[in-house]
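Asks: Here you go, coords.csv (CSV, C-alpha atoms and all ligand atoms):
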chain,number,residue,atom,x,y,z
K,1,MET,CA,-11.1,3.8,-23.0
K,2,TYR,CA,-9.9,0.4,-21.8
K,3,PRO,CA,-8.2,-0.8,-19.8
K,4,LEU,CA,-9.8,1.1,-16.9
K,5,ILE,CA,-9.9,0.8,-13.2
K,6,GLU,CA,-13.2,1.5,-11.4
K,7,ILE,CA,-12.8,2.9,-7.9
K,8,ASP,CA,-15.8,3.1,-5.6
K,9,LEU,CA,-15.1,6.2,-3.4
K,10,LYS,CA,-18.0,5.6,-1.1
K,11,LYS,CA,-16.6,2.2,-0.2
K,12,VAL,CA,-13.1,3.7,0.4
K,13,GLU,CA,-14.7,6.1,2.9
K,14,GLU,CA,-16.7,3.4,4.6
K,15,ASN,CA,-13.7,1.1,5.0
K,16,ALA,CA,-11.6,3.9,6.4
K,17,LYS,CA,-14.4,4.9,8.8
K,18,LYS,CA,-14.9,1.3,10.2
K,19,ILE,CA,-11.1,1.0,10.7
K,20,THR,CA,-10.6,4.4,12.4
K,21,THR,CA,-13.6,3.9,14.6
K,22,LEU,CA,-12.5,0.4,15.8
K,23,PHE,CA,-8.9,1.4,16.4
K,24,ARG,CA,-9.7,4.8,18.0
K,25,SER,CA,-11.6,2.9,20.7
K,26,MET,CA,-8.2,1.2,21.5
K,27,GLY,CA,-6.2,4.4,21.5
K,28,ILE,CA,-4.7,3.7,18.1
K,29,ASP,CA,-4.4,6.4,15.4
K,30,ILE,CA,-4.3,5.4,11.8
K,31,MET,CA,-1.8,6.5,9.1
K,32,ALA,CA,-3.5,6.0,5.8
K,33,VAL,CA,-0.8,4.6,3.4
K,34,THR,CA,-1.3,6.2,0.0
K,35,LYS,CA,1.5,4.5,-2.1
K,36,GLY,CA,-0.8,1.7,-3.4
K,37,PHE,CA,-2.7,4.2,-5.5
K,38,SER,CA,0.0,6.9,-6.2
K,39,ALA,CA,-1.8,9.3,-3.7
K,40,ASP,CA,-4.7,9.8,-6.1
K,41,GLU,CA,-6.5,12.9,-4.9
K,42,LYS,CA,-10.0,11.6,-5.0
K,43,ILE,CA,-9.1,8.5,-3.0
K,44,VAL,CA,-7.2,10.6,-0.5
K,45,THR,CA,-10.3,12.8,-0.1
K,46,ALA,CA,-12.3,9.7,0.6
K,47,LEU,CA,-9.8,8.5,3.2
K,48,THR,CA,-9.8,11.9,5.0
K,49,ARG,CA,-13.6,11.7,5.1
K,50,GLY,CA,-13.1,8.3,6.8
K,51,ASN,CA,-11.3,10.2,9.6
K,52,VAL,CA,-7.7,8.9,9.2
K,53,GLU,CA,-5.2,10.9,11.3
K,54,TYR,CA,-2.1,10.9,9.0
K,55,LEU,CA,-1.3,10.5,5.3
K,56,ALA,CA,1.8,8.4,4.8
K,57,ASP,CA,3.7,7.5,1.6
K,58,SER,CA,7.1,6.0,0.7
K,59,ARG,CA,7.6,8.6,-2.0
K,60,LEU,CA,8.1,12.3,-1.3
K,61,MET,CA,6.6,13.1,-4.7
K,62,ASN,CA,3.3,11.7,-3.4
K,63,LEU,CA,3.5,13.7,-0.2
K,64,LYS,CA,4.1,16.8,-2.3
K,65,LYS,CA,1.0,16.0,-4.3
K,66,MET,CA,-1.0,15.9,-1.0
K,67,LYS,CA,0.3,19.1,0.4
K,68,GLY,CA,-3.2,20.7,0.1
K,69,PHE,CA,-4.7,18.2,2.6
K,70,PRO,CA,-4.7,19.5,6.2
K,71,LEU,CA,-3.4,16.3,7.7
K,72,LYS,CA,0.0,15.4,9.1
K,73,LYS,CA,2.3,13.8,6.4
K,74,VAL,CA,4.7,11.0,7.0
K,75,LEU,CA,7.5,9.6,4.7
K,76,LEU,CA,7.5,5.9,5.2
K,77,ARG,CA,10.7,5.0,3.3
K,78,LEU,CA,14.0,6.0,4.9
K,79,PRO,CA,14.8,9.4,3.4
K,80,MET,CA,17.6,9.7,0.8
K,81,ALA,CA,20.3,12.1,1.8
K,82,SER,CA,19.5,13.9,-1.6
K,83,GLU,CA,15.9,14.6,-0.7
K,84,VAL,CA,16.2,16.2,2.8
K,85,ASN,CA,15.4,19.7,1.6
K,86,GLU,CA,12.1,18.6,0.2
K,87,LEU,CA,11.6,16.2,3.1
K,88,VAL,CA,11.5,19.0,5.7
K,89,ARG,CA,9.0,21.0,3.5
K,90,TYR,CA,6.5,18.3,2.6
K,91,ALA,CA,6.7,15.8,5.5
K,92,ASP,CA,6.1,16.4,9.2
K,93,TYR,CA,7.5,13.0,10.1
K,94,SER,CA,9.9,10.4,8.6
K,95,MET,CA,11.0,6.9,9.5
K,96,ASN,CA,14.8,6.8,10.1
K,97,SER,CA,17.6,4.4,11.0
K,98,GLU,CA,20.8,6.2,9.9
K,99,LEU,CA,22.7,8.9,11.8
K,100,SER,CA,24.3,10.4,8.7
K,101,THR,CA,20.9,11.0,7.2
K,102,LEU,CA,19.6,12.5,10.4
K,103,LYS,CA,22.4,14.9,10.4
K,104,GLU,CA,21.5,16.0,6.8
K,105,ILE,CA,17.9,16.3,7.9
K,106,GLY,CA,19.0,18.4,10.8
K,107,ARG,CA,20.9,20.8,8.6
K,108,ALA,CA,17.9,21.1,6.2
K,109,SER,CA,15.6,21.8,9.1
K,110,TRP,CA,17.9,24.4,10.3
K,111,ARG,CA,17.9,26.1,6.9
K,112,ASN,CA,14.1,25.8,6.7
K,113,ARG,CA,13.7,27.0,10.4
K,114,THR,CA,11.7,23.9,11.3
K,115,VAL,CA,12.2,20.9,13.5
K,116,HIS,CA,11.6,17.6,11.7
K,117,LYS,CA,9.9,14.8,13.7
K,118,VAL,CA,11.5,11.4,13.5
K,119,ILE,CA,10.2,7.9,14.1
K,120,VAL,CA,13.1,5.5,14.7
K,121,MET,CA,12.7,2.1,13.1
K,122,ILE,CA,13.7,-1.0,15.0
K,123,ASP,CA,14.3,-4.3,13.2
K,124,LEU,CA,12.5,-7.0,15.1
K,125,GLY,CA,13.0,-9.8,12.6
K,126,ASP,CA,11.8,-9.0,9.1
K,127,HIS,CA,15.3,-7.6,8.4
K,128,ARG,CA,14.3,-4.8,6.0
K,129,GLU,CA,14.9,-1.3,7.5
K,130,GLY,CA,15.6,-0.7,11.2
K,131,ILE,CA,18.2,-0.7,13.9
K,132,GLN,CA,19.1,-3.9,15.7
K,133,PRO,CA,17.8,-3.8,19.3
K,134,LYS,CA,21.3,-4.2,20.7
K,135,ASN,CA,22.5,-1.1,18.9
K,136,LEU,CA,19.4,1.1,19.7
K,137,ASP,CA,20.8,2.7,22.9
K,138,GLN,CA,23.9,3.9,21.1
K,139,PHE,CA,21.9,5.2,18.2
K,140,VAL,CA,19.5,7.2,20.3
K,141,ALA,CA,22.4,8.6,22.4
K,142,GLU,CA,23.9,10.1,19.2
K,143,ALA,CA,20.6,11.0,17.6
K,144,VAL,CA,19.4,13.2,20.5
K,145,LYS,CA,22.5,15.4,20.0
K,146,ILE,CA,21.5,16.3,16.4
K,147,LYS,CA,19.8,19.8,16.2
K,148,GLY,CA,16.8,20.2,14.0
K,149,VAL,CA,15.5,16.7,14.4
K,150,GLU,CA,13.4,15.3,17.3
K,151,ILE,CA,12.6,11.7,18.1
K,152,ARG,CA,8.8,11.5,18.5
K,153,GLY,CA,8.3,7.8,18.1
K,154,PHE,CA,9.6,4.3,17.5
K,155,GLY,CA,8.2,1.8,14.9
K,156,VAL,CA,8.6,-1.6,13.4
K,157,ASN,CA,8.1,-2.9,9.9
K,158,MET,CA,7.3,-6.6,9.4
K,159,THR,CA,6.2,-8.9,6.6
K,160,CYS,CA,7.0,-6.7,3.6
K,161,PHE,CA,10.5,-8.2,2.8
K,162,SER,CA,10.8,-11.6,4.5
K,163,GLY,CA,7.2,-12.4,5.2
K,164,VAL,CA,7.6,-12.5,9.0
K,165,ILE,CA,4.3,-12.1,10.7
K,166,PRO,CA,4.3,-9.8,13.8
K,167,GLU,CA,3.3,-11.5,17.0
K,168,GLN,CA,2.0,-10.0,20.2
K,169,GLN,CA,5.5,-10.5,21.6
K,170,THR,CA,7.1,-8.5,18.8
K,171,LEU,CA,5.0,-5.5,19.6
K,172,ILE,CA,5.5,-5.9,23.4
K,173,LYS,CA,9.2,-5.8,22.7
K,174,LEU,CA,8.7,-2.6,20.7
K,175,VAL,CA,6.8,-0.9,23.5
K,176,LYS,CA,9.4,-2.0,26.1
K,177,LEU,CA,12.3,-0.7,24.0
K,178,THR,CA,10.5,2.6,23.5
K,179,ARG,CA,9.8,3.0,27.2
K,180,GLU,CA,13.5,2.4,28.0
K,181,MET,CA,14.7,5.0,25.5
K,182,GLU,CA,12.0,7.5,26.6
K,183,GLU,CA,13.0,7.3,30.2
K,184,LYS,CA,16.8,7.2,29.7
K,185,TYR,CA,16.8,10.1,27.2
K,186,GLN,CA,13.8,12.1,28.3
K,187,LEU,CA,12.1,11.8,24.9
K,188,ASN,CA,8.8,13.4,24.0
K,189,ILE,CA,7.2,10.2,22.6
K,190,GLU,CA,4.0,10.8,20.6
K,191,MET,CA,3.6,7.4,19.0
K,192,ILE,CA,4.6,3.8,18.9
K,193,SER,CA,3.9,2.5,15.5
K,194,GLY,CA,3.1,-1.2,15.5
K,195,GLY,CA,3.3,-2.0,11.8
K,196,SER,CA,1.1,-2.3,8.8
K,197,SER,CA,-1.9,-4.4,7.6
K,198,SER,CA,-0.1,-7.5,8.7
K,199,SER,CA,-0.5,-6.4,12.4
K,200,VAL,CA,-4.3,-6.0,12.5
K,201,TYR,CA,-5.1,-9.7,12.7
K,202,LEU,CA,-3.6,-9.5,16.3
K,203,ILE,CA,-7.0,-8.1,17.4
K,204,ASN,CA,-8.3,-11.6,17.4
K,205,GLU,CA,-5.2,-13.2,18.9
K,206,GLY,CA,-4.9,-11.8,22.3
K,207,GLY,CA,-4.9,-8.3,21.1
K,208,ILE,CA,-2.6,-5.5,20.2
K,209,PRO,CA,-0.5,-4.7,23.3
K,210,GLU,CA,-1.1,-1.7,25.5
K,211,GLY,CA,1.2,1.1,24.4
K,212,ILE,CA,0.9,0.7,20.6
K,213,SER,CA,-0.7,3.9,19.5
K,214,ASN,CA,-0.3,3.9,15.8
K,215,LEU,CA,-0.7,1.6,12.7
K,216,ARG,CA,0.2,2.4,9.1
K,217,LEU,CA,-2.5,0.9,6.9
K,218,GLY,CA,-2.8,0.6,3.2
K,219,GLU,CA,-3.9,-2.8,2.0
K,220,VAL,CA,-6.5,-3.5,4.7
K,221,ILE,CA,-8.4,-0.3,3.9
K,222,LEU,CA,-8.1,-0.6,0.1
K,223,LEU,CA,-8.7,-4.4,-0.3
K,224,GLY,CA,-10.5,-5.2,2.9
K,225,THR,CA,-8.1,-8.1,3.8
K,226,GLU,CA,-5.4,-8.2,6.4
K,227,THR,CA,-2.0,-9.2,5.1
K,228,ALA,CA,-0.8,-11.8,7.6
K,229,TYR,CA,-3.3,-14.5,6.6
K,230,GLY,CA,-5.2,-12.8,3.7
K,231,LYS,CA,-8.6,-12.9,5.6
K,232,ASN,CA,-11.4,-10.4,5.4
K,233,PHE,CA,-11.2,-7.9,8.3
K,234,ILE,CA,-14.3,-6.7,10.2
K,235,ASN,CA,-16.5,-7.1,7.2
K,236,LEU,CA,-14.8,-4.5,5.1
K,237,HIS,CA,-15.6,-4.1,1.4
K,238,GLU,CA,-13.3,-6.2,-0.8
K,239,ASP,CA,-14.6,-4.8,-4.1
K,240,ILE,CA,-13.5,-1.2,-4.1
K,241,PHE,CA,-11.4,-1.7,-7.3
K,242,THR,CA,-12.4,-3.4,-10.5
K,243,LEU,CA,-10.1,-3.6,-13.6
K,244,ARG,CA,-11.9,-3.9,-16.9
K,245,THR,CA,-10.6,-4.4,-20.4
K,246,GLN,CA,-11.7,-5.6,-23.8
K,247,ILE,CA,-11.2,-8.9,-25.6
K,248,ILE,CA,-9.2,-8.5,-28.8
K,249,GLU,CA,-8.9,-12.2,-30.0
K,250,ILE,CA,-10.6,-15.5,-29.2
K,251,LYS,CA,-9.2,-18.7,-30.8
K,252,ASP,CA,-8.7,-22.4,-30.2
K,253,LYS,CA,-4.9,-23.0,-29.8
K,254,PRO,CA,-2.8,-25.9,-28.5
K,255,SER,CA,-1.6,-25.5,-24.9
K,256,MET,CA,1.8,-26.6,-26.0
K,257,PRO,CA,3.9,-24.1,-28.0
K,258,LYS,CA,5.3,-25.1,-31.3
K,259,GLY,CA,8.9,-24.6,-32.3
K,260,LEU,CA,12.4,-24.3,-30.7
K,261,MET,CA,12.0,-23.0,-27.1
K,262,GLY,CA,13.8,-20.0,-25.7
K,263,LYS,CA,13.1,-17.4,-23.1
K,264,ASP,CA,10.0,-15.2,-23.0
K,265,ALA,CA,10.1,-11.4,-23.4
K,266,PHE,CA,11.0,-11.1,-19.7
K,267,GLY,CA,13.8,-13.6,-19.6
K,268,HIS,CA,11.9,-16.4,-18.0
K,269,GLU,CA,11.7,-19.9,-19.4
K,270,PRO,CA,8.0,-20.6,-19.5
K,271,VAL,CA,6.8,-24.1,-18.3
K,272,HIS,CA,3.8,-25.4,-20.3
K,273,GLU,CA,1.5,-28.3,-19.4
K,274,ASP,CA,-0.1,-30.2,-22.2
K,275,ARG,CA,-3.8,-29.9,-21.8
K,276,GLY,CA,-4.8,-30.3,-25.4
K,277,ILE,CA,-6.5,-27.6,-27.3
K,278,LEU,CA,-7.7,-24.6,-25.3
K,279,ARG,CA,-10.0,-21.8,-26.1
K,280,ARG,CA,-7.9,-18.7,-25.4
K,281,ALA,CA,-8.8,-15.1,-25.3
K,282,ILE,CA,-6.4,-12.2,-25.5
K,283,VAL,CA,-7.4,-9.1,-23.6
K,284,ALA,CA,-5.9,-5.6,-24.0
K,285,LEU,CA,-3.9,-5.6,-20.8
K,286,GLY,CA,-0.2,-6.2,-20.3
K,287,ARG,CA,2.5,-6.1,-17.7
K,288,GLN,CA,2.7,-2.4,-18.2
K,289,ASP,CA,-0.8,-2.1,-16.9
K,290,ALA,CA,-1.1,-4.9,-14.3
K,291,ASP,CA,0.9,-7.6,-12.8
K,292,PRO,CA,-0.6,-10.9,-14.1
K,293,ASP,CA,-0.1,-12.5,-10.7
K,294,GLY,CA,-1.9,-9.5,-9.1
K,295,VAL,CA,-5.2,-9.7,-10.9
K,296,ILE,CA,-7.9,-12.3,-10.5
K,297,PRO,CA,-10.6,-12.9,-13.1
K,298,SER,CA,-14.1,-12.0,-11.7
K,299,ASN,CA,-15.4,-15.1,-13.5
K,300,SER,CA,-14.0,-18.0,-11.5
K,301,LYS,CA,-14.3,-20.4,-14.4
K,302,ILE,CA,-11.5,-18.7,-16.4
K,303,LYS,CA,-7.8,-18.6,-15.8
K,304,ILE,CA,-4.9,-16.3,-16.6
K,305,LEU,CA,-2.2,-18.2,-18.6
K,306,GLY,CA,0.3,-15.4,-18.8
K,307,ALA,CA,1.1,-12.0,-20.1
K,308,SER,CA,3.6,-10.0,-22.1
K,309,SER,CA,4.0,-6.2,-22.1
K,310,ASP,CA,0.7,-5.5,-23.7
K,311,HIS,CA,-1.3,-8.8,-24.0
K,312,MET,CA,-2.8,-11.0,-21.4
K,313,ILE,CA,-3.8,-14.6,-22.4
K,314,VAL,CA,-6.8,-16.1,-20.6
K,315,ASP,CA,-8.0,-19.6,-20.8
K,316,ILE,CA,-11.8,-19.5,-21.3
K,317,THR,CA,-12.2,-23.2,-22.2
K,318,ASP,CA,-14.5,-23.9,-19.2
K,319,ASP,CA,-16.8,-21.0,-20.0
K,320,PRO,CA,-16.6,-20.6,-23.8
K,321,GLU,CA,-20.2,-19.5,-24.4
K,322,HIS,CA,-19.8,-16.4,-22.3
K,323,TYR,CA,-17.4,-14.5,-24.4
K,324,GLU,CA,-17.1,-12.8,-27.8
K,325,VAL,CA,-14.4,-10.6,-29.3
K,326,GLY,CA,-15.3,-7.0,-28.1
K,327,ASP,CA,-16.7,-8.2,-24.7
K,328,ILE,CA,-15.4,-6.7,-21.6
K,329,MET,CA,-13.6,-8.9,-19.1
K,330,SER,CA,-13.3,-7.9,-15.4
K,331,PHE,CA,-10.7,-8.6,-12.8
K,332,LYS,CA,-10.4,-8.2,-9.0
K,333,LEU,CA,-7.1,-6.9,-7.8
K,334,LYS,CA,-4.5,-8.0,-5.3
K,335,TYR,CA,-2.1,-5.4,-3.9
K,336,SER,CA,0.5,-5.8,-6.6
K,337,GLY,CA,-2.2,-5.5,-9.3
K,338,LEU,CA,-3.6,-2.4,-7.7
K,339,LEU,CA,-0.2,-0.8,-7.4
K,340,ARG,CA,0.7,-1.3,-11.1
K,341,ALA,CA,-2.8,-0.4,-12.4
K,342,MET,CA,-2.9,2.8,-10.4
K,343,THR,CA,0.6,3.8,-11.4
K,344,SER,CA,0.2,3.0,-15.1
K,345,PRO,CA,-0.7,6.0,-17.3
K,346,TYR,CA,-2.3,3.5,-19.7
K,347,VAL,CA,-5.1,2.6,-17.3
K,348,GLU,CA,-7.9,5.1,-17.1
K,349,LYS,CA,-9.3,5.8,-13.7
K,350,VAL,CA,-13.1,5.8,-13.4
K,351,TYR,CA,-14.6,7.0,-10.1
K,352,LEU,CA,-17.9,5.7,-8.7
K,353,ASN,CA,-20.0,7.5,-6.1
K,354,GLU,CA,-17.9,10.7,-6.5
K,355,GLU,CA,-21.0,12.8,-5.7
K,356,VAL,CA,-21.6,11.0,-2.5
K,357,ASN,CA,-18.0,11.3,-1.7
K,358,LEU,CA,-18.0,15.1,-2.2
K,359,GLY,CA,-21.3,15.5,-0.4
K,360,ILE,CA,-22.9,16.9,-3.6
K,361,LEU,CA,-26.4,15.8,-4.5
K,362,PRO,CA,-26.6,14.2,-8.0
K,363,LEU,CA,-28.2,16.4,-10.6
K,364,VAL,CA,-31.5,15.2,-12.0
K,365,SER,CA,-30.7,14.4,-15.6
K,366,ASP,CA,-32.8,15.5,-18.5
K,367,LEU,CA,-35.1,12.8,-19.6
T,1,LIG,C1,3.9,0.2,2.6
T,1,LIG,C2,4.2,0.4,4.0
T,1,LIG,C3,3.1,0.2,4.9
T,1,LIG,C4,1.7,-0.2,4.6
T,1,LIG,O1,1.6,-1.5,4.3
T,1,LIG,P1,0.2,-2.2,4.0
T,1,LIG,O2,0.5,-3.6,4.0
T,1,LIG,O3,-0.3,-1.7,2.7
T,1,LIG,O4,-0.7,-1.8,5.2
T,1,LIG,C5,3.5,0.5,6.3
T,1,LIG,N1,4.7,0.8,6.7
T,1,LIG,C6,5.7,1.0,5.8
T,1,LIG,C7,7.1,1.4,6.3
T,1,LIG,C8,5.5,0.8,4.4
T,1,LIG,O5,6.5,0.9,3.5
The structure given in the file should be rewritten as structure tokens.
Ligand SMILES: *Cc1c(COP(=O)(O)O)cnc(C)c1O
Replies:
Amino acid sequence: MYPLIEIDLKKVEENAKKITTLFRSMGIDIMAVTKGFSADEKIVTALTRGNVEYLADSRLMNLKKMKGFPLKKVLLRLPMASEVNELVRYADYSMNSELSTLKEIGRASWRNRTVHKVIVMIDLGDHREGIQPKNLDQFVAEAVKIKGVEIRGFGVNMTCFSGVIPEQQTLIKLVKLTREMEEKYQLNIEMISGGSSSSVYLINEGGIPEGISNLRLGEVILLGTETAYGKNFINLHEDIFTLRTQIIEIKDKPSMPKGLMGKDAFGHEPVHEDRGILRRAIVALGRQDADPDGVIPSNSKIKILGASSDHMIVDITDDPEHYEVGDIMSFKLKYSGLLRAMTSPYVEKVYLNEEVNLGILPLVSDL
């Protein structure tokens, strides 16, 4: 049934393998970030076959789903005080920046007879989560007194909120702050986590500084592109995912709407450019299935004009011969498109190369 998303599991494994091999040679371990695909079990299997060291997600629900995988689990989003009991059961590590939450985690660990490992987040300019460097000493001084939690690393998050690209200097600062805290408070530091897919470009720009021992990677493994400049990274596959759906209408219609203008279904006031009569296709795909800004038609001659909850309008004027009602239209995905398509229960997931992935030989079919 359409819409569907095709997922090539062999390519997932190959991308993961290339990345883990490269970074391991630099002493950097990889956390595979699974939130972009709701921790889909088959994709996680492919990633583990690609030798990633940790599985990391921003949702505890996804970590719970992955409890059967024998890898260390990391909660990426700062924990909610209301989820600490589940946190200490399903995550080995979490990112933190609040003492009150650490105290809650400490109590939950105590009840669960465990010690929870903490990565302290430092804000080095993107201003999403993290402690300001000037307040770090005071934070660590208090945090080391809390029983049931143990600081095992420091990390930084960049780009996601403000779009700030990490520079070599940013990561040097992270290493320096970590070393100061490690020495002053005699911490048992396992990792310095230097960011996400927006940090990998640094390999070509003077390098990732000595001391960085961990990266948290989603986008670059799944889409093959780094996030800082959107370029392909070390020849990774960029076509792991393909979204396909069916055309339900093709008609010539004016580019300018007719009638009194108000807001669209999502409260925006659409802007229209008069380009005369366009040949337009409607495909069975809406905002519930994919973000229209997050999908790219595989045919470069056609353009997305917009979408409502369940319909996407595509301009096929420049390639009209190609399409009939009932044909299947394909799309490449950006990160936001992938996220929505993988989360939507309306989008069927179709796996390619599953037998390769599971190491099972394909059966010879009856002829
Ligand atoms: C989502 C997330 C990542 C991964 O980001 P990518 O751009 O997909 O590599 C890393 N760290 C944190 C804290 C995140 O929330």
Asks: Near range 57-64 of chain K, within 12 Å and counting all atoms listed in the file, which residues show up once chain neighbours fewer than 4 positions away are dropped, as a ChimeraX atom specification?
Replies: /K:31-41,44,68-80,82-95,216-218,343
Asks: Which residues are near Asn135 in chain K? Cut-off 12 Å, all atoms listed in the file, ignore same chain within fewer than 6 positions. Put them as a compact mmCIF listing (two decimals) with C-alpha atoms, in the coordinates of the input.
Replies:
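Okay, this is what ended up in out.txt:
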# COMPACT_ATOMS: atom_id res chain seq x y z
CA SER K 97 17.60 4.40 11.00
CA GLU K 98 20.80 6.20 9.90
CA MET K 121 12.70 2.10 13.10
CA ILE K 122 13.70 -1.00 15.00
CA ASP K 123 14.30 -4.30 13.20
CA ALA K 141 22.40 8.60 22.40
CA GLU K 142 23.90 10.10 19.20
CA LEU K 177 12.30 -0.70 24.00
CA MET K 181 14.70 5.00 25.50
Asks: Take CA of Val52 in chain K and CA of Arg24 in chain K and report the distance between them in Å, one decimal.
Replies: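 Going from CA of Val52 in chain K over to CA of Arg24 in chain K covers 9.9 Å.
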Asks: At what distance in Å, to one decimal, does CA of Thr114 in chain K lie from CA of Ile192 in chain K?
Replies: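 Rounded to one decimal, the two atoms are 22.6 Å apart.
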Asks: Rounded to one decimal place, report the CA of Asp327 in chain K-CA of Lys301 in chain K distance in Å.
Replies: 16.1 Å
Asks: Give me the residues near Phe154 in chain K as a ChimeraX atom specification, where near means some atom within 12 Å (using only C-alpha atoms) and where sequence neighbours in that chain fewer than 3 positions away do not count.
Replies: /K:93-97,117-124,130-131,133,136,140,150-151,157,171,173-182,187-195,211-215
Asks: Go through K:Lys184, K:Arg128, K:Lys349, K:Arg152 and flag the residue nearest ligand LIG 1 (chain T), using only C-alpha atoms and all ligand atoms for the distances.
Replies: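 Of K:Lys184, K:Arg128, K:Lys349, K:Arg152, the one nearest ligand LIG 1 (chain T), counting only C-alpha atoms and all ligand atoms, is K:Arg128.
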Asks: Can you pull out every residue within 10 Å of Thr225 in chain K, counting only C-alpha atoms, but drop anything in the same chain fewer than 2 positions away, and send it as a PDB file with C-alpha atoms, in the coordinates of the input?
Replies:
ATOM      1  CA  SER K 197      -1.900  -4.400   7.600  1.00  0.00           C
ATOM      2  CA  SER K 198      -0.100  -7.500   8.700  1.00  0.00           C
ATOM      3  CA  VAL K 200      -4.300  -6.000  12.500  1.00  0.00           C
ATOM      4  CA  TYR K 201      -5.100  -9.700  12.700  1.00  0.00           C
ATOM      5  CA  GLU K 219      -3.900  -2.800   2.000  1.00  0.00           C
ATOM      6  CA  VAL K 220      -6.500  -3.500   4.700  1.00  0.00           C
ATOM      7  CA  ILE K 221      -8.400  -0.300   3.900  1.00  0.00           C
ATOM      8  CA  LEU K 222      -8.100  -0.600   0.100  1.00  0.00           C
ATOM      9  CA  LEU K 223      -8.700  -4.400  -0.300  1.00  0.00           C
ATOM     10  CA  THR K 227      -2.000  -9.200   5.100  1.00  0.00           C
ATOM     11  CA  ALA K 228      -0.800 -11.800   7.600  1.00  0.00           C
ATOM     12  CA  TYR K 229      -3.300 -14.500   6.600  1.00  0.00           C
ATOM     13  CA  GLY K 230      -5.200 -12.800   3.700  1.00  0.00           C
ATOM     14  CA  LYS K 231      -8.600 -12.900   5.600  1.00  0.00           C
ATOM     15  CA  ASN K 232     -11.400 -10.400   5.400  1.00  0.00           C
ATOM     16  CA  PHE K 233     -11.200  -7.900   8.300  1.00  0.00           C
ATOM     17  CA  ILE K 234     -14.300  -6.700  10.200  1.00  0.00           C
ATOM     18  CA  ASN K 235     -16.500  -7.100   7.200  1.00  0.00           C
ATOM     19  CA  LEU K 236     -14.800  -4.500   5.100  1.00  0.00           C
ATOM     20  CA  HIS K 237     -15.600  -4.100   1.400  1.00  0.00           C
ATOM     21  CA  GLU K 238     -13.300  -6.200  -0.800  1.00  0.00           C
ATOM     22  CA  LYS K 334      -4.500  -8.000  -5.300  1.00  0.00           C
TER      23      LYS K 334
END
Asks: Any idea what's packed within 7 Å of range 274-286 of chain K, counting only C-alpha atoms, ignoring anything in its chain fewer than 2 positions away? Could you give it as an MDAnalysis selection string?
Replies: chainID K and resid 3 245:256 272 288:290 307:317
Asks: Point out the residue among K:Thr159, K:Thr45, K:Asn15, K:Ser298 with the least atom-to-atom distance to ligand LIG 1 (chain T), counting only C-alpha atoms and all ligand atoms.
Replies: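 That would be K:Thr159, the residue with the smallest distance to ligand LIG 1 (chain T).
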Asks: Would you mind telling me which residue in K:Pro292, K:Pro270, K:Gly262, K:Gly163 lies nearest to ligand LIG 1 (chain T) when using only C-alpha atoms and all ligand atoms?
Replies: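 Of the candidates, the smallest distance to ligand LIG 1 (chain T) is held by K:Gly163.
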Asks: Could you check the closest approach to Tyr323 in chain K for each of K:Met66, K:Ile302, K:Ala143, K:Val350 and tell me which residue wins, using only C-alpha atoms?
Replies: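 Smallest separation from Tyr323 in chain K among the options: K:Ile302.
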Asks: Tell me which of K:Leu22, K:Gly306, K:Gly224, K:Arg113 sits closest to ligand LIG 1 (chain T), counting only C-alpha atoms and all ligand atoms.
Replies: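 Checking each candidate against ligand LIG 1 (chain T), we get K:Gly224 as the closest.
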Asks: Could you list as a list in words every residue that has an atom within 9 Å of (-16.7, 7.1, -13.1), using the file's coordinates and counting all atoms listed in the file?
Replies: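 Residues with an atom at most 9 Å from (-16.7, 7.1, -13.1): Glu6, Ile7, Asp8, Lys349, Val350, Tyr351, Leu352, Asn353 and Glu354 of chain K.
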Asks: Which one is closest to ligand LIG 1 (chain T): K:Ala56, K:Val115, K:Leu202, K:Ile208? Count all atoms listed in the file.
Replies: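 For ligand LIG 1 (chain T), the nearest of the candidates is K:Ala56.
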